[in-house]
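upload.cif (mmCIF, C-alpha atoms; chains and numbers go by the auth columns)
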data_model
#
loop_
_atom_site.group_PDB
_atom_site.id
_atom_site.type_symbol
_atom_site.label_atom_id
_atom_site.label_comp_id
_atom_site.label_asym_id
_atom_site.label_seq_id
_atom_site.Cartn_x
_atom_site.Cartn_y
_atom_site.Cartn_z
_atom_site.B_iso_or_equiv
_atom_site.auth_seq_id
_atom_site.auth_asym_id
ATOM 1 C CA MET A 1 -2.077 4.690 -0.933 0.00 1 W
ATOM 2 C CA TYR A 2 -5.633 5.596 -1.810 0.00 2 W
ATOM 3 C CA GLY A 3 -6.562 9.237 -1.661 0.00 3 W
ATOM 4 C CA SER A 4 -8.889 11.960 -2.759 0.00 4 W
ATOM 5 C CA GLN A 5 -8.593 14.126 -5.850 0.00 5 W
ATOM 6 C CA ASN A 6 -6.436 16.492 -3.799 0.00 6 W
ATOM 7 C CA GLN A 7 -3.849 13.821 -3.098 0.00 7 W
ATOM 8 C CA GLY A 8 -1.130 15.752 -4.915 0.00 8 W
ATOM 9 C CA SER A 9 -1.454 18.516 -2.329 0.00 9 W
ATOM 10 C CA GLY A 10 -0.951 16.080 0.527 0.00 10 W
ATOM 11 C CA SER A 11 -4.625 15.641 1.471 0.00 11 W
ATOM 12 C CA ARG A 12 -5.687 12.066 2.205 0.00 12 W
ATOM 13 C CA SER A 13 -9.162 10.628 2.433 0.00 13 W
ATOM 14 C CA ASN A 14 -8.144 7.500 4.325 0.00 14 W
ATOM 15 C CA ASN A 15 -7.170 7.522 7.981 0.00 15 W
ATOM 16 C CA LEU A 16 -5.265 4.796 9.786 0.00 16 W
ATOM 17 C CA VAL A 17 -7.040 3.201 12.725 0.00 17 W
ATOM 18 C CA VAL A 18 -3.625 2.639 14.312 0.00 18 W
ATOM 19 C CA PRO A 19 -1.418 5.593 13.286 0.00 19 W
ATOM 20 C CA GLN A 20 1.658 3.834 14.704 0.00 20 W
ATOM 21 C CA ALA A 21 1.318 1.263 11.907 0.00 21 W
ATOM 22 C CA ASN A 22 2.132 3.858 9.230 0.00 22 W
ATOM 23 C CA ALA A 23 5.845 2.996 8.992 0.00 23 W
ATOM 24 C CA ALA A 24 5.125 -0.730 8.613 0.00 24 W
ATOM 25 C CA LEU A 25 2.485 -0.053 5.950 0.00 25 W
ATOM 26 C CA GLN A 26 4.864 2.208 4.028 0.00 26 W
ATOM 27 C CA GLN A 27 7.522 -0.514 4.144 0.00 27 W
ATOM 28 C CA LEU A 28 5.004 -3.080 2.904 0.00 28 W
ATOM 29 C CA LYS A 29 4.010 -0.742 0.060 0.00 29 W
ATOM 30 C CA MET A 30 7.657 -0.262 -0.962 0.00 30 W
ATOM 31 C CA GLU A 31 8.314 -4.021 -0.905 0.00 31 W
ATOM 32 C CA ALA A 32 5.180 -4.716 -2.941 0.00 32 W
ATOM 33 C CA ALA A 33 6.053 -2.050 -5.504 0.00 33 W
ATOM 34 C CA GLN A 34 9.589 -3.387 -5.849 0.00 34 W
ATOM 35 C CA GLU A 35 8.343 -6.938 -6.340 0.00 35 W
ATOM 36 C CA LEU A 36 5.788 -5.815 -8.946 0.00 36 W
ATOM 37 C CA GLY A 37 8.183 -3.426 -10.699 0.00 37 W
ATOM 38 C CA VAL A 38 6.058 -0.346 -9.950 0.00 38 W
ATOM 39 C CA THR A 39 7.806 2.883 -8.969 0.00 39 W
ATOM 40 C CA ILE A 40 6.186 4.741 -6.054 0.00 40 W
ATOM 41 C CA PRO A 41 5.729 8.437 -6.978 0.00 41 W
ATOM 42 C CA GLN A 42 7.734 10.758 -4.737 0.00 42 W
ATOM 43 C CA ASP A 43 4.900 13.291 -4.552 0.00 43 W
ATOM 44 C CA GLY A 44 2.279 10.649 -3.697 0.00 44 W
ATOM 45 C CA TYR A 45 0.216 11.392 -6.816 0.00 45 W
ATOM 46 C CA TYR A 46 -0.873 8.219 -8.617 0.00 46 W
ATOM 47 C CA GLY A 47 -2.857 9.984 -11.380 0.00 47 W
ATOM 48 C CA ASN A 48 -0.227 9.163 -14.005 0.00 48 W
ATOM 49 C CA TYR A 49 -0.377 5.434 -13.259 0.00 49 W
ATOM 50 C CA THR A 50 -2.608 2.920 -14.985 0.00 50 W
ATOM 51 C CA SER A 51 -5.453 1.180 -13.196 0.00 51 W
ATOM 52 C CA ARG A 52 -3.553 -2.059 -13.737 0.00 52 W
ATOM 53 C CA GLU A 53 -0.487 -0.741 -11.883 0.00 53 W
ATOM 54 C CA THR A 54 -2.373 0.703 -8.932 0.00 54 W
ATOM 55 C CA GLY A 55 -4.761 -2.258 -8.806 0.00 55 W
ATOM 56 C CA SER A 56 -1.897 -4.738 -8.820 0.00 56 W
ATOM 57 C CA LEU A 57 -0.159 -2.848 -6.046 0.00 57 W
ATOM 58 C CA GLY A 58 -3.315 -2.568 -3.922 0.00 58 W
ATOM 59 C CA GLY A 59 -4.225 -6.205 -4.508 0.00 59 W
ATOM 60 C CA TYR A 60 -0.751 -7.406 -3.579 0.00 60 W
ATOM 61 C CA ILE A 61 -0.738 -5.331 -0.387 0.00 61 W
ATOM 62 C CA THR A 62 -4.189 -6.643 0.562 0.00 62 W
ATOM 63 C CA LYS A 63 -3.058 -10.222 -0.072 0.00 63 W
ATOM 64 C CA ARG A 64 0.002 -9.742 2.166 0.00 64 W
ATOM 65 C CA LEU A 65 -2.061 -8.106 4.942 0.00 65 W
ATOM 66 C CA VAL A 66 -4.475 -11.060 4.894 0.00 66 W
ATOM 67 C CA GLN A 67 -1.537 -13.496 5.072 0.00 67 W
ATOM 68 C CA ILE A 68 -0.072 -11.601 8.037 0.00 68 W
ATOM 69 C CA ALA A 69 -3.447 -11.571 9.834 0.00 69 W
ATOM 70 C CA GLU A 70 -3.951 -15.297 9.208 0.00 70 W
ATOM 71 C CA GLN A 71 -0.509 -16.047 10.624 0.00 71 W
ATOM 72 C CA GLN A 72 -1.205 -13.964 13.716 0.00 72 W
ATOM 73 C CA LEU A 73 -4.599 -15.566 14.240 0.00 73 W
ATOM 74 C CA SER A 74 -3.113 -19.039 13.982 0.00 74 W
ATOM 75 C CA GLY A 75 -0.417 -18.144 16.509 0.00 75 W
ATOM 76 C CA ARG A 76 2.510 -18.142 14.075 0.00 76 W
ATOM 77 C CA SER A 77 4.806 -15.222 13.346 0.00 77 W
#
Take the structure from the file and write it as structure tokens.
Amino acid sequence: MYGSQNQGSGSRSNNLVVPQANAALQQLKMEAAQELGVTIPQDGYYGNYTSRETGSLGGYITKRLVQIAEQQLSGRS
């Protein structure tokens, strides 16, 4: 989701610690965007989006990741 200035060309500044988690993270991003009413750009370039839109999306994803981690740490699924 977050990237460098060259994001439009496919370059990314963030690297996943667990590359196998990419599909799950993409699904989470799509679900978050749908719930917030934000359309994910097909080319991956977020430069035409407001800070409010990208911040809301990032904040929502972070909130969900924390909830998932808390559930796993408490032994629930």
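Candidate residues W:Arg52, W:Leu16, W:Tyr46, W:Leu57 were compared for distance to Leu28 (chain W), and the nearest is W:Leu57, using all atoms listed in the file.
Between CA of Asn15 (chain W) and CA of Glu35 (chain W) lies a distance of 25.6 Å.
With CA of Gly44 (chain W) on one side and CA of Leu25 (chain W) on the other, the separation reads 14.4 Å.
By all atoms listed in the file, and with residues fewer than 4 positions from Ser56 (chain W) along its chain excluded, the set lying at most 12 Å from it is Lys29, Ala32, Ala33, Gln34, Glu35, Leu36, Gly37, Val38, Tyr49, Thr50, Ser51, Arg52, Tyr60, Ile61, Thr62 and Lys63 of chain W.
Distance check against Ala24 (chain W) using only C-alpha atoms: of W:Leu65, W:Ile40, W:Gly58, W:Arg76, the minimum falls on W:Leu65.
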